[in-house]
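As stored in upload-v1.pdb (PDB, N, CA and C atoms):
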ATOM      1  N   MET A  20       0.846  -1.176   0.000
ATOM      2  CA  MET A  20       0.000   0.000   0.000
ATOM      3  C   MET A  20       0.896   1.245   0.000
ATOM      4  N   GLU A  21       0.596   2.159  -0.861
ATOM      5  CA  GLU A  21       1.349   3.411  -0.906
ATOM      6  C   GLU A  21       0.589   4.497  -0.155
ATOM      7  N   PHE A  22       1.350   5.354   0.509
ATOM      8  CA  PHE A  22       0.771   6.445   1.271
ATOM      9  C   PHE A  22       1.164   7.768   0.640
ATOM     10  N   LYS A  23       0.190   8.651   0.431
ATOM     11  CA  LYS A  23       0.452   9.961  -0.152
ATOM     12  C   LYS A  23       1.017  10.925   0.887
ATOM     13  N   TYR A  24       0.576  10.773   2.151
ATOM     14  CA  TYR A  24       0.983  11.678   3.223
ATOM     15  C   TYR A  24       1.573  10.904   4.398
ATOM     16  N   CYS A  25       2.420  11.576   5.133
ATOM     17  CA  CYS A  25       2.928  11.091   6.411
ATOM     18  C   CYS A  25       2.783  12.214   7.421
ATOM     19  N   LYS A  26       2.758  11.828   8.686
ATOM     20  CA  LYS A  26       2.788  12.810   9.760
ATOM     21  C   LYS A  26       4.141  12.685  10.433
ATOM     22  N   LEU A  27       4.800  13.814  10.646
ATOM     23  CA  LEU A  27       6.027  13.830  11.417
ATOM     24  C   LEU A  27       5.702  14.288  12.827
ATOM     25  N   GLU A  28       6.259  13.592  13.803
ATOM     26  CA  GLU A  28       6.248  14.026  15.190
ATOM     27  C   GLU A  28       7.680  14.421  15.522
ATOM     28  N   ILE A  29       7.857  15.658  15.907
ATOM     29  CA  ILE A  29       9.194  16.183  16.181
ATOM     30  C   ILE A  29       9.209  16.667  17.628
ATOM     31  N   PHE A  30      10.099  16.112  18.430
ATOM     32  CA  PHE A  30      10.212  16.502  19.833
ATOM     33  C   PHE A  30      11.388  17.462  19.978
ATOM     34  N   LEU A  31      11.159  18.596  20.652
ATOM     35  CA  LEU A  31      12.203  19.606  20.759
ATOM     36  C   LEU A  31      12.001  20.456  22.007
ATOM     37  N   PRO A  32      13.065  21.146  22.434
ATOM     38  CA  PRO A  32      12.897  22.069  23.556
ATOM     39  C   PRO A  32      12.104  23.284  23.092
ATOM     40  N   PRO A  33      11.335  23.886  23.994
ATOM     41  CA  PRO A  33      10.518  25.049  23.626
ATOM     42  C   PRO A  33      11.321  26.194  23.000
ATOM     43  N   THR A  34      12.581  26.308  23.342
ATOM     44  CA  THR A  34      13.419  27.386  22.816
ATOM     45  C   THR A  34      13.619  27.305  21.311
ATOM     46  N   HIS A  35      13.356  26.162  20.696
ATOM     47  CA  HIS A  35      13.641  25.972  19.273
ATOM     48  C   HIS A  35      12.394  25.865  18.397
ATOM     49  N   LEU A  36      11.239  26.189  18.954
ATOM     50  CA  LEU A  36      10.008  26.090  18.171
ATOM     51  C   LEU A  36      10.032  27.007  16.956
ATOM     52  N   GLU A  37      10.389  28.266  17.136
ATOM     53  CA  GLU A  37      10.335  29.213  16.012
ATOM     54  C   GLU A  37      11.260  28.823  14.870
ATOM     55  N   VAL A  38      12.471  28.375  15.179
ATOM     56  CA  VAL A  38      13.414  28.023  14.122
ATOM     57  C   VAL A  38      12.954  26.755  13.386
ATOM     58  N   VAL A  39      12.364  25.806  14.110
ATOM     59  CA  VAL A  39      11.842  24.604  13.454
ATOM     60  C   VAL A  39      10.614  24.951  12.617
ATOM     61  N   GLN A  40       9.756  25.814  13.137
ATOM     62  CA  GLN A  40       8.583  26.241  12.378
ATOM     63  C   GLN A  40       9.010  26.910  11.063
ATOM     64  N   LYS A  41      10.039  27.729  11.124
ATOM     65  CA  LYS A  41      10.524  28.426   9.928
ATOM     66  C   LYS A  41      11.063  27.446   8.896
ATOM     67  N   VAL A  42      11.848  26.472   9.337
ATOM     68  CA  VAL A  42      12.423  25.519   8.387
ATOM     69  C   VAL A  42      11.339  24.613   7.801
ATOM     70  N   LEU A  43      10.318  24.276   8.580
ATOM     71  CA  LEU A  43       9.204  23.496   8.031
ATOM     72  C   LEU A  43       8.486  24.277   6.941
ATOM     73  N   GLN A  44       8.320  25.561   7.157
ATOM     74  CA  GLN A  44       7.688  26.409   6.149
ATOM     75  C   GLN A  44       8.544  26.475   4.882
ATOM     76  N   GLU A  45       9.854  26.557   5.057
ATOM     77  CA  GLU A  45      10.770  26.652   3.907
ATOM     78  C   GLU A  45      10.719  25.419   3.014
ATOM     79  N   VAL A  46      10.452  24.234   3.594
ATOM     80  CA  VAL A  46      10.382  23.009   2.793
ATOM     81  C   VAL A  46       8.943  22.622   2.460
ATOM     82  N   ASP A  47       7.998  23.514   2.743
ATOM     83  CA  ASP A  47       6.576  23.350   2.423
ATOM     84  C   ASP A  47       5.922  22.191   3.184
ATOM     85  N   ALA A  48       6.440  21.870   4.374
ATOM     86  CA  ALA A  48       5.759  20.898   5.226
ATOM     87  C   ALA A  48       4.516  21.572   5.796
ATOM     88  N   GLY A  49       3.466  20.808   5.989
ATOM     89  CA  GLY A  49       2.235  21.378   6.526
ATOM     90  C   GLY A  49       1.376  22.053   5.480
ATOM     91  N   HIS A  50       1.590  21.712   4.215
ATOM     92  CA  HIS A  50       0.769  22.275   3.133
ATOM     93  C   HIS A  50      -0.464  21.385   2.987
ATOM     94  N   ILE A  51      -1.622  21.945   3.300
ATOM     95  CA  ILE A  51      -2.874  21.195   3.234
ATOM     96  C   ILE A  51      -3.867  22.006   2.411
ATOM     97  N   GLY A  52      -4.148  21.533   1.209
ATOM     98  CA  GLY A  52      -5.092  22.227   0.338
ATOM     99  C   GLY A  52      -4.636  23.648   0.049
ATOM    100  N   ASN A  53      -5.489  24.629   0.354
ATOM    101  CA  ASN A  53      -5.177  26.035   0.112
ATOM    102  C   ASN A  53      -4.530  26.715   1.321
ATOM    103  N   TYR A  54      -3.965  25.924   2.231
ATOM    104  CA  TYR A  54      -3.300  26.448   3.426
ATOM    105  C   TYR A  54      -1.871  25.921   3.474
ATOM    106  N   ASP A  55      -0.991  26.718   4.049
ATOM    107  CA  ASP A  55       0.342  26.212   4.326
ATOM    108  C   ASP A  55       0.699  26.541   5.770
ATOM    109  N   SER A  56       1.848  26.060   6.195
ATOM    110  CA  SER A  56       2.338  26.278   7.570
ATOM    111  C   SER A  56       1.417  25.664   8.626
ATOM    112  N   CYS A  57       0.680  24.614   8.265
ATOM    113  CA  CYS A  57      -0.221  23.954   9.211
ATOM    114  C   CYS A  57       0.568  22.982  10.087
ATOM    115  N   MET A  58       0.437  23.129  11.392
ATOM    116  CA  MET A  58       1.073  22.210  12.327
ATOM    117  C   MET A  58       0.385  22.328  13.671
ATOM    118  N   SER A  59       0.603  21.344  14.507
ATOM    119  CA  SER A  59       0.092  21.363  15.874
ATOM    120  C   SER A  59       1.265  21.245  16.821
ATOM    121  N   VAL A  60       1.135  21.874  17.991
ATOM    122  CA  VAL A  60       2.187  21.834  18.999
ATOM    123  C   VAL A  60       1.544  21.489  20.336
ATOM    124  N   SER A  61       2.107  20.500  21.009
ATOM    125  CA  SER A  61       1.605  20.080  22.323
ATOM    126  C   SER A  61       2.755  20.036  23.320
ATOM    127  N   PRO A  62       2.502  20.478  24.552
ATOM    128  CA  PRO A  62       3.539  20.330  25.577
ATOM    129  C   PRO A  62       3.599  18.879  26.064
ATOM    130  N   VAL A  63       4.803  18.368  26.226
ATOM    131  CA  VAL A  63       5.025  17.019  26.741
ATOM    132  C   VAL A  63       6.190  17.073  27.731
ATOM    133  N   THR A  64       6.413  15.984  28.414
ATOM    134  CA  THR A  64       7.573  15.860  29.289
ATOM    135  C   THR A  64       8.437  14.740  28.746
ATOM    136  N   GLY A  65       9.693  15.053  28.434
ATOM    137  CA  GLY A  65      10.611  14.065  27.895
ATOM    138  C   GLY A  65      11.518  13.508  28.985
ATOM    139  N   TYR A  66      11.842  12.230  28.873
ATOM    140  CA  TYR A  66      12.775  11.551  29.769
ATOM    141  C   TYR A  66      13.848  10.879  28.929
ATOM    142  N   TRP A  67      15.094  10.941  29.366
ATOM    143  CA  TRP A  67      16.185  10.274  28.669
ATOM    144  C   TRP A  67      17.388  10.184  29.592
ATOM    145  N   ARG A  68      18.296   9.267  29.227
ATOM    146  CA  ARG A  68      19.551   9.137  29.957
ATOM    147  C   ARG A  68      20.677   9.075  28.929
ATOM    148  N   PRO A  69      21.512  10.103  28.879
ATOM    149  CA  PRO A  69      22.659  10.072  27.974
ATOM    150  C   PRO A  69      23.657   8.997  28.429
ATOM    151  N   LEU A  70      24.101   8.199  27.496
ATOM    152  CA  LEU A  70      25.075   7.151  27.798
ATOM    153  C   LEU A  70      26.496   7.679  27.614
ATOM    154  N   ASP A  71      27.467   6.905  28.081
ATOM    155  CA  ASP A  71      28.871   7.318  27.948
ATOM    156  C   ASP A  71      29.198   7.629  26.492
ATOM    157  N   GLY A  72      29.933   8.688  26.286
ATOM    158  CA  GLY A  72      30.324   9.100  24.943
ATOM    159  C   GLY A  72      29.376  10.100  24.310
ATOM    160  N   CYS A  73      28.260  10.382  24.955
ATOM    161  CA  CYS A  73      27.302  11.361  24.430
ATOM    162  C   CYS A  73      27.751  12.778  24.767
ATOM    163  N   ASP A  74      27.223  13.701  24.003
ATOM    164  CA  ASP A  74      27.415  15.124  24.275
ATOM    165  C   ASP A  74      26.019  15.757  24.316
ATOM    166  N   PRO A  75      25.278  15.546  25.410
ATOM    167  CA  PRO A  75      23.871  15.968  25.438
ATOM    168  C   PRO A  75      23.696  17.482  25.461
ATOM    169  N   TYR A  76      22.676  17.938  24.768
ATOM    170  CA  TYR A  76      22.283  19.354  24.793
ATOM    171  C   TYR A  76      21.803  19.718  26.192
ATOM    172  N   ILE A  77      21.033  18.809  26.804
ATOM    173  CA  ILE A  77      20.545  18.958  28.171
ATOM    174  C   ILE A  77      20.815  17.637  28.883
ATOM    175  N   GLY A  78      21.271  17.691  30.115
ATOM    176  CA  GLY A  78      21.447  16.484  30.899
ATOM    177  C   GLY A  78      22.906  16.126  31.114
ATOM    178  N   THR A  79      23.094  15.082  31.907
ATOM    179  CA  THR A  79      24.420  14.615  32.292
ATOM    180  C   THR A  79      24.528  13.124  31.968
ATOM    181  N   ASN A  80      25.651  12.723  31.397
ATOM    182  CA  ASN A  80      25.847  11.311  31.067
ATOM    183  C   ASN A  80      25.610  10.433  32.285
ATOM    184  N   GLY A  81      24.844   9.366  32.077
ATOM    185  CA  GLY A  81      24.566   8.399  33.124
ATOM    186  C   GLY A  81      23.397   8.754  34.033
ATOM    187  N   GLU A  82      22.837   9.948  33.903
ATOM    188  CA  GLU A  82      21.724  10.361  34.765
ATOM    189  C   GLU A  82      20.455  10.574  33.937
ATOM    190  N   ILE A  83      19.328  10.145  34.491
ATOM    191  CA  ILE A  83      18.047  10.341  33.809
ATOM    192  C   ILE A  83      17.655  11.810  33.893
ATOM    193  N   SER A  84      17.318  12.363  32.751
ATOM    194  CA  SER A  84      16.846  13.749  32.670
ATOM    195  C   SER A  84      15.348  13.760  32.447
ATOM    196  N   CYS A  85      14.705  14.802  32.922
ATOM    197  CA  CYS A  85      13.269  15.002  32.754
ATOM    198  C   CYS A  85      13.077  16.487  32.485
ATOM    199  N   GLU A  86      12.603  16.830  31.304
ATOM    200  CA  GLU A  86      12.478  18.234  30.910
ATOM    201  C   GLU A  86      11.190  18.462  30.128
ATOM    202  N   PRO A  87      10.644  19.675  30.203
ATOM    203  CA  PRO A  87       9.516  20.006  29.331
ATOM    204  C   PRO A  87       9.998  20.083  27.882
ATOM    205  N   GLU A  88       9.204  19.524  27.010
ATOM    206  CA  GLU A  88       9.485  19.569  25.571
ATOM    207  C   GLU A  88       8.192  19.913  24.846
ATOM    208  N   LEU A  89       8.323  20.121  23.552
ATOM    209  CA  LEU A  89       7.168  20.296  22.686
ATOM    210  C   LEU A  89       7.141  19.159  21.681
ATOM    211  N   LYS A  90       5.936  18.702  21.353
ATOM    212  CA  LYS A  90       5.764  17.750  20.255
ATOM    213  C   LYS A  90       5.106  18.514  19.121
ATOM    214  N   VAL A  91       5.819  18.641  18.025
ATOM    215  CA  VAL A  91       5.304  19.290  16.821
ATOM    216  C   VAL A  91       4.797  18.192  15.894
ATOM    217  N   GLU A  92       3.580  18.345  15.406
ATOM    218  CA  GLU A  92       3.008  17.403  14.452
ATOM    219  C   GLU A  92       2.726  18.145  13.156
ATOM    220  N   VAL A  93       3.217  17.586  12.059
ATOM    221  CA  VAL A  93       3.053  18.241  10.762
ATOM    222  C   VAL A  93       2.866  17.169   9.693
ATOM    223  N   THR A  94       1.976  17.440   8.761
ATOM    224  CA  THR A  94       1.718  16.537   7.646
ATOM    225  C   THR A  94       2.618  16.920   6.476
ATOM    226  N   VAL A  95       3.221  15.904   5.854
ATOM    227  CA  VAL A  95       4.076  16.141   4.689
ATOM    228  C   VAL A  95       3.749  15.108   3.611
ATOM    229  N   TYR A  96       3.999  15.477   2.375
ATOM    230  CA  TYR A  96       3.915  14.503   1.292
ATOM    231  C   TYR A  96       5.010  13.461   1.509
ATOM    232  N   THR A  97       4.683  12.206   1.316
ATOM    233  CA  THR A  97       5.640  11.122   1.537
ATOM    234  C   THR A  97       6.937  11.359   0.772
ATOM    235  N   GLU A  98       6.846  11.884  -0.427
ATOM    236  CA  GLU A  98       8.050  12.117  -1.240
ATOM    237  C   GLU A  98       8.962  13.198  -0.650
ATOM    238  N   ASN A  99       8.440  14.003   0.286
ATOM    239  CA  ASN A  99       9.237  15.084   0.892
ATOM    240  C   ASN A  99       9.726  14.771   2.306
ATOM    241  N   VAL A 100       9.482  13.552   2.782
ATOM    242  CA  VAL A 100       9.852  13.209   4.155
ATOM    243  C   VAL A 100      11.349  13.365   4.388
ATOM    244  N   ASP A 101      12.175  12.787   3.527
ATOM    245  CA  ASP A 101      13.630  12.819   3.751
ATOM    246  C   ASP A 101      14.181  14.236   3.771
ATOM    247  N   LYS A 102      13.766  15.065   2.817
ATOM    248  CA  LYS A 102      14.290  16.438   2.794
ATOM    249  C   LYS A 102      13.787  17.242   3.991
ATOM    250  N   THR A 103      12.574  16.931   4.468
ATOM    251  CA  THR A 103      12.045  17.618   5.637
ATOM    252  C   THR A 103      12.835  17.230   6.886
ATOM    253  N   ILE A 104      13.113  15.959   7.057
ATOM    254  CA  ILE A 104      13.903  15.504   8.210
ATOM    255  C   ILE A 104      15.294  16.124   8.187
ATOM    256  N   GLU A 105      15.934  16.151   7.045
ATOM    257  CA  GLU A 105      17.275  16.732   6.954
ATOM    258  C   GLU A 105      17.256  18.221   7.290
ATOM    259  N   ALA A 106      16.239  18.926   6.841
ATOM    260  CA  ALA A 106      16.125  20.359   7.152
ATOM    261  C   ALA A 106      15.942  20.574   8.652
ATOM    262  N   VAL A 107      15.117  19.753   9.287
ATOM    263  CA  VAL A 107      14.896  19.880  10.734
ATOM    264  C   VAL A 107      16.180  19.574  11.495
ATOM    265  N   LYS A 108      16.887  18.530  11.099
ATOM    266  CA  LYS A 108      18.123  18.151  11.790
ATOM    267  C   LYS A 108      19.168  19.266  11.768
ATOM    268  N   LYS A 109      19.162  20.075  10.725
ATOM    269  CA  LYS A 109      20.149  21.165  10.621
ATOM    270  C   LYS A 109      19.936  22.234  11.691
ATOM    271  N   VAL A 110      18.718  22.384  12.198
ATOM    272  CA  VAL A 110      18.439  23.432  13.187
ATOM    273  C   VAL A 110      18.084  22.872  14.567
ATOM    274  N   HIS A 111      17.926  21.573  14.666
ATOM    275  CA  HIS A 111      17.539  20.936  15.931
ATOM    276  C   HIS A 111      18.757  20.837  16.846
ATOM    277  N   PRO A 112      18.617  21.192  18.138
ATOM    278  CA  PRO A 112      19.786  21.219  19.017
ATOM    279  C   PRO A 112      20.227  19.855  19.550
ATOM    280  N   TYR A 113      19.352  18.845  19.513
ATOM    281  CA  TYR A 113      19.688  17.568  20.128
ATOM    282  C   TYR A 113      20.683  16.782  19.284
ATOM    283  N   GLU A 114      21.552  16.073  19.955
ATOM    284  CA  GLU A 114      22.513  15.185  19.296
ATOM    285  C   GLU A 114      21.779  14.080  18.525
ATOM    286  N   GLU A 115      20.704  13.566  19.114
ATOM    287  CA  GLU A 115      19.875  12.523  18.498
ATOM    288  C   GLU A 115      18.418  12.972  18.520
ATOM    289  N   PRO A 116      17.991  13.811  17.579
ATOM    290  CA  PRO A 116      16.597  14.277  17.598
ATOM    291  C   PRO A 116      15.614  13.121  17.385
ATOM    292  N   VAL A 117      14.500  13.182  18.090
ATOM    293  CA  VAL A 117      13.437  12.196  17.892
ATOM    294  C   VAL A 117      12.454  12.773  16.893
ATOM    295  N   ILE A 118      12.433  12.147  15.715
ATOM    296  CA  ILE A 118      11.514  12.547  14.650
ATOM    297  C   ILE A 118      10.843  11.269  14.153
ATOM    298  N   ASN A 119       9.583  11.095  14.509
ATOM    299  CA  ASN A 119       8.834   9.911  14.093
ATOM    300  C   ASN A 119       8.109  10.200  12.788
ATOM    301  N   VAL A 120       8.131   9.226  11.886
ATOM    302  CA  VAL A 120       7.417   9.325  10.611
ATOM    303  C   VAL A 120       6.296   8.291  10.637
ATOM    304  N   ILE A 121       5.070   8.789  10.530
ATOM    305  CA  ILE A 121       3.904   7.921  10.617
ATOM    306  C   ILE A 121       3.126   8.008   9.304
ATOM    307  N   PRO A 122       3.028   6.899   8.551
ATOM    308  CA  PRO A 122       2.235   6.937   7.319
ATOM    309  C   PRO A 122       0.761   7.176   7.645
ATOM    310  N   LEU A 123       0.132   8.017   6.851
ATOM    311  CA  LEU A 123      -1.293   8.320   7.036
ATOM    312  C   LEU A 123      -2.095   7.560   5.987
ATOM    313  N   TRP A 124      -2.889   6.632   6.438
ATOM    314  CA  TRP A 124      -3.704   5.832   5.541
ATOM    315  C   TRP A 124      -4.755   6.696   4.871
ATOM    316  N   ARG A 125      -5.299   7.645   5.639
ATOM    317  CA  ARG A 125      -6.357   8.486   5.095
ATOM    318  C   ARG A 125      -6.349   9.834   5.840
ATOM    319  N   THR A 126      -6.670  10.879   5.130
ATOM    320  CA  THR A 126      -6.860  12.189   5.738
ATOM    321  C   THR A 126      -8.229  12.700   5.311
ATOM    322  N   SER A 127      -8.652  13.797   5.915
ATOM    323  CA  SER A 127      -9.968  14.346   5.586
ATOM    324  C   SER A 127      -9.896  15.418   4.510
ATOM    325  N   PHE A 128      -8.701  15.647   3.955
ATOM    326  CA  PHE A 128      -8.597  16.675   2.926
ATOM    327  C   PHE A 128      -8.272  16.077   1.586
TER     328      PHE A 128
END
With the file now loaded, output its structure as structure tokens.
Amino acid sequence: MEFKYCKLEIFLPPTHLEVVQKVLQEVDAGHIGNYDSCMSVSPVTGYWRPLDGCDPYIGTNGEISCEPELKVEVTVYTENVDKTIEAVKKVHPYEEPVINVIPLWRTSF
């Protein structure tokens, strides 16, 4: 089964929302019909433990961190997923950004 659209879930610190929003707009992510720049943002709490050899943006190696984050959800054409992820990675502060790609079987538009 082929999917025309995917949803990206991007987890980031609140300080980087504007720069990620700008880069998503630049690659035309969130283009739905006659609208562009469509996305949703939800506050979440992230947990992680940097392992030895990491250079974490936030946190200390070997210790569990717990910080407020944002989850950005944006719809993209499947053919643009790779370029969208690469654009986000260029401005994302985390060493290992969490960007989930979820195929959308159906949308309402």
Item to check | A:Ser127, A:Cys73, A:Gly65, A:Glu98 ranked by distance to Phe22 (chain A), top pick (using all atoms listed in the file) | outcome: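 Looking only at the distances to Phe22 (chain A), the closest residue turns out to be A:Glu98.
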Checklist entry - Quick one: DSSP alpha helix (DSSP H) residues in chain A, as a list of chain:residue names? => result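 Answer for chain A restricted to alpha helix (DSSP H) is A:Leu36, A:Glu37, A:Val38, A:Val39, A:Gln40, A:Lys41, A:Val42, A:Leu43, A:Gln44, A:Glu45, A:Val100, A:Asp101, A:Lys102, A:Thr103, A:Ile104, A:Glu105, A:Ala106, A:Val107, A:Lys108, A:Lys109, A:Val110.
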Requested write-out: N, CA and C atoms of the selected residues, as an mmCIF file, in the coordinates of the input:
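See selection-v9.cif below for the written result:
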data_model
loop_
_atom_site.group_PDB
_atom_site.id
_atom_site.type_symbol
_atom_site.label_atom_id
_atom_site.label_comp_id
_atom_site.auth_asym_id
_atom_site.auth_seq_id
_atom_site.Cartn_x
_atom_site.Cartn_y
_atom_site.Cartn_z
ATOM 1 N N LEU A 36 11.239 26.189 18.954
ATOM 2 C CA LEU A 36 10.008 26.090 18.171
ATOM 3 C C LEU A 36 10.032 27.007 16.956
ATOM 4 N N GLU A 37 10.389 28.266 17.136
ATOM 5 C CA GLU A 37 10.335 29.213 16.012
ATOM 6 C C GLU A 37 11.260 28.823 14.870
ATOM 7 N N VAL A 38 12.471 28.375 15.179
ATOM 8 C CA VAL A 38 13.414 28.023 14.122
ATOM 9 C C VAL A 38 12.954 26.755 13.386
ATOM 10 N N VAL A 39 12.364 25.806 14.110
ATOM 11 C CA VAL A 39 11.842 24.604 13.454
ATOM 12 C C VAL A 39 10.614 24.951 12.617
ATOM 13 N N GLN A 40 9.756 25.814 13.137
ATOM 14 C CA GLN A 40 8.583 26.241 12.378
ATOM 15 C C GLN A 40 9.010 26.910 11.063
ATOM 16 N N LYS A 41 10.039 27.729 11.124
ATOM 17 C CA LYS A 41 10.524 28.426 9.928
ATOM 18 C C LYS A 41 11.063 27.446 8.896
ATOM 19 N N VAL A 42 11.848 26.472 9.337
ATOM 20 C CA VAL A 42 12.423 25.519 8.387
ATOM 21 C C VAL A 42 11.339 24.613 7.801
ATOM 22 N N LEU A 43 10.318 24.276 8.580
ATOM 23 C CA LEU A 43 9.204 23.496 8.031
ATOM 24 C C LEU A 43 8.486 24.277 6.941
ATOM 25 N N GLN A 44 8.320 25.561 7.157
ATOM 26 C CA GLN A 44 7.688 26.409 6.149
ATOM 27 C C GLN A 44 8.544 26.475 4.882
ATOM 28 N N GLU A 45 9.854 26.557 5.057
ATOM 29 C CA GLU A 45 10.770 26.652 3.907
ATOM 30 C C GLU A 45 10.719 25.419 3.014
ATOM 31 N N VAL A 100 9.482 13.552 2.782
ATOM 32 C CA VAL A 100 9.852 13.209 4.155
ATOM 33 C C VAL A 100 11.349 13.365 4.388
ATOM 34 N N ASP A 101 12.175 12.787 3.527
ATOM 35 C CA ASP A 101 13.630 12.819 3.751
ATOM 36 C C ASP A 101 14.181 14.236 3.771
ATOM 37 N N LYS A 102 13.766 15.065 2.817
ATOM 38 C CA LYS A 102 14.290 16.438 2.794
ATOM 39 C C LYS A 102 13.787 17.242 3.991
ATOM 40 N N THR A 103 12.574 16.931 4.468
ATOM 41 C CA THR A 103 12.045 17.618 5.637
ATOM 42 C C THR A 103 12.835 17.230 6.886
ATOM 43 N N ILE A 104 13.113 15.959 7.057
ATOM 44 C CA ILE A 104 13.903 15.504 8.210
ATOM 45 C C ILE A 104 15.294 16.124 8.187
ATOM 46 N N GLU A 105 15.934 16.151 7.045
ATOM 47 C CA GLU A 105 17.275 16.732 6.954
ATOM 48 C C GLU A 105 17.256 18.221 7.290
ATOM 49 N N ALA A 106 16.239 18.926 6.841
ATOM 50 C CA ALA A 106 16.125 20.359 7.152
ATOM 51 C C ALA A 106 15.942 20.574 8.652
ATOM 52 N N VAL A 107 15.117 19.753 9.287
ATOM 53 C CA VAL A 107 14.896 19.880 10.734
ATOM 54 C C VAL A 107 16.180 19.574 11.495
ATOM 55 N N LYS A 108 16.887 18.530 11.099
ATOM 56 C CA LYS A 108 18.123 18.151 11.790
ATOM 57 C C LYS A 108 19.168 19.266 11.768
ATOM 58 N N LYS A 109 19.162 20.075 10.725
ATOM 59 C CA LYS A 109 20.149 21.165 10.621
ATOM 60 C C LYS A 109 19.936 22.234 11.691
ATOM 61 N N VAL A 110 18.718 22.384 12.198
ATOM 62 C CA VAL A 110 18.439 23.432 13.187
ATOM 63 C C VAL A 110 18.084 22.872 14.567
#
Item to check | Close residues, region 37-54 of chain A itself excluded, 6.5 Å, all atoms listed in the file, min 4 positions apart in chain, as a list of chain:residue names | outcome: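 Skipping anything fewer than 4 positions along the chain leaves A:Pro33, A:Met58, A:Val93, A:Thr94, A:Val95, A:Tyr96, A:Thr103, A:Ala106, A:Val107, A:Val110.
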Checklist entry - If the PyMOL selection byres (((chain A and resi 77-79 and name CA) around 12) and name CA) is run on the structure shown, which residues does it catch, given as a PyMOL selection string? => result chain A and resi 31-32+65-76+80-88+112-115
Checklist entry - Can you list, as a PyMOL selection string, the residues that the PyMOL selection byres ((chain A and resi 119) around 6.5) selects here? => result chain A and resi 26-30+117-118+120-121
Next on the checklist: Using Å and a single decimal, report how far CA of Thr64 (chain A) sits from CA of Lys109 (chain A).
Outcome noted: 23.1 Å
Taking all listed atoms of region 97-114 of chain A, build the axis-aligned box, pad each of the six sides by 8 Å, then write its centre and edge lengths in Å to one decimal as lines of an AutoDock Vina configuration file.
center_x = 13.6
center_y = 17.3
center_z = 9.4
size_x = 33.8
size_y = 28.3
size_z = 37.4
Next on the checklist: Quick check for you: according to DSSP on this backbone, which residues of chain A are classed as strand (DSSP E or B)? Reply as number ranges by chain.
Outcome noted: A: 24-31, 51, 54, 59-67, 84-96, 118-123
Next on the checklist: Given the point (4.4, 19.8, 17.8) in the file's coordinates, find the residues that have an atom at most 6 Å from it, counting only C-alpha atoms, and give them as an MDAnalysis selection string.
Outcome noted: chainID A and resid 59:61 89:92
Emit the selected residues as a short mmCIF file (atom, residue, chain, number, x, y, z; two decimals), in the frame of the given file, including N, CA and C atoms.
data_model
loop_
_atom_site.label_atom_id
_atom_site.label_comp_id
_atom_site.auth_asym_id
_atom_site.auth_seq_id
_atom_site.Cartn_x
_atom_site.Cartn_y
_atom_site.Cartn_z
N SER A 59 0.60 21.34 14.51
CA SER A 59 0.09 21.36 15.87
C SER A 59 1.26 21.24 16.82
N VAL A 60 1.14 21.87 17.99
CA VAL A 60 2.19 21.83 19.00
C VAL A 60 1.54 21.49 20.34
N SER A 61 2.11 20.50 21.01
CA SER A 61 1.60 20.08 22.32
C SER A 61 2.76 20.04 23.32
N LEU A 89 8.32 20.12 23.55
CA LEU A 89 7.17 20.30 22.69
C LEU A 89 7.14 19.16 21.68
N LYS A 90 5.94 18.70 21.35
CA LYS A 90 5.76 17.75 20.26
C LYS A 90 5.11 18.51 19.12
N VAL A 91 5.82 18.64 18.02
CA VAL A 91 5.30 19.29 16.82
C VAL A 91 4.80 18.19 15.89
N GLU A 92 3.58 18.34 15.41
CA GLU A 92 3.01 17.40 14.45
C GLU A 92 2.73 18.14 13.16
#
Next on the checklist: Ranking A:Pro122, A:Val63, A:Asp101, A:His111 by minimum distance to Tyr24 (chain A) and counting all atoms listed in the file, which one comes first?
Outcome noted: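 Closest candidate: A:Pro122.
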Checklist entry - What is the distance between CA of Cys25 (chain A) and CA of Leu123 (chain A), in Å to one decimal? => result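 Straight-line distance from CA of Cys25 (chain A) to CA of Leu123 (chain A) works out to 5.1 Å.
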Next on the checklist: To one decimal place in Å, what is the distance between atom N of Lys23 (chain A) and CA of Ser56 (chain A)?
Outcome noted: 19.1 Å
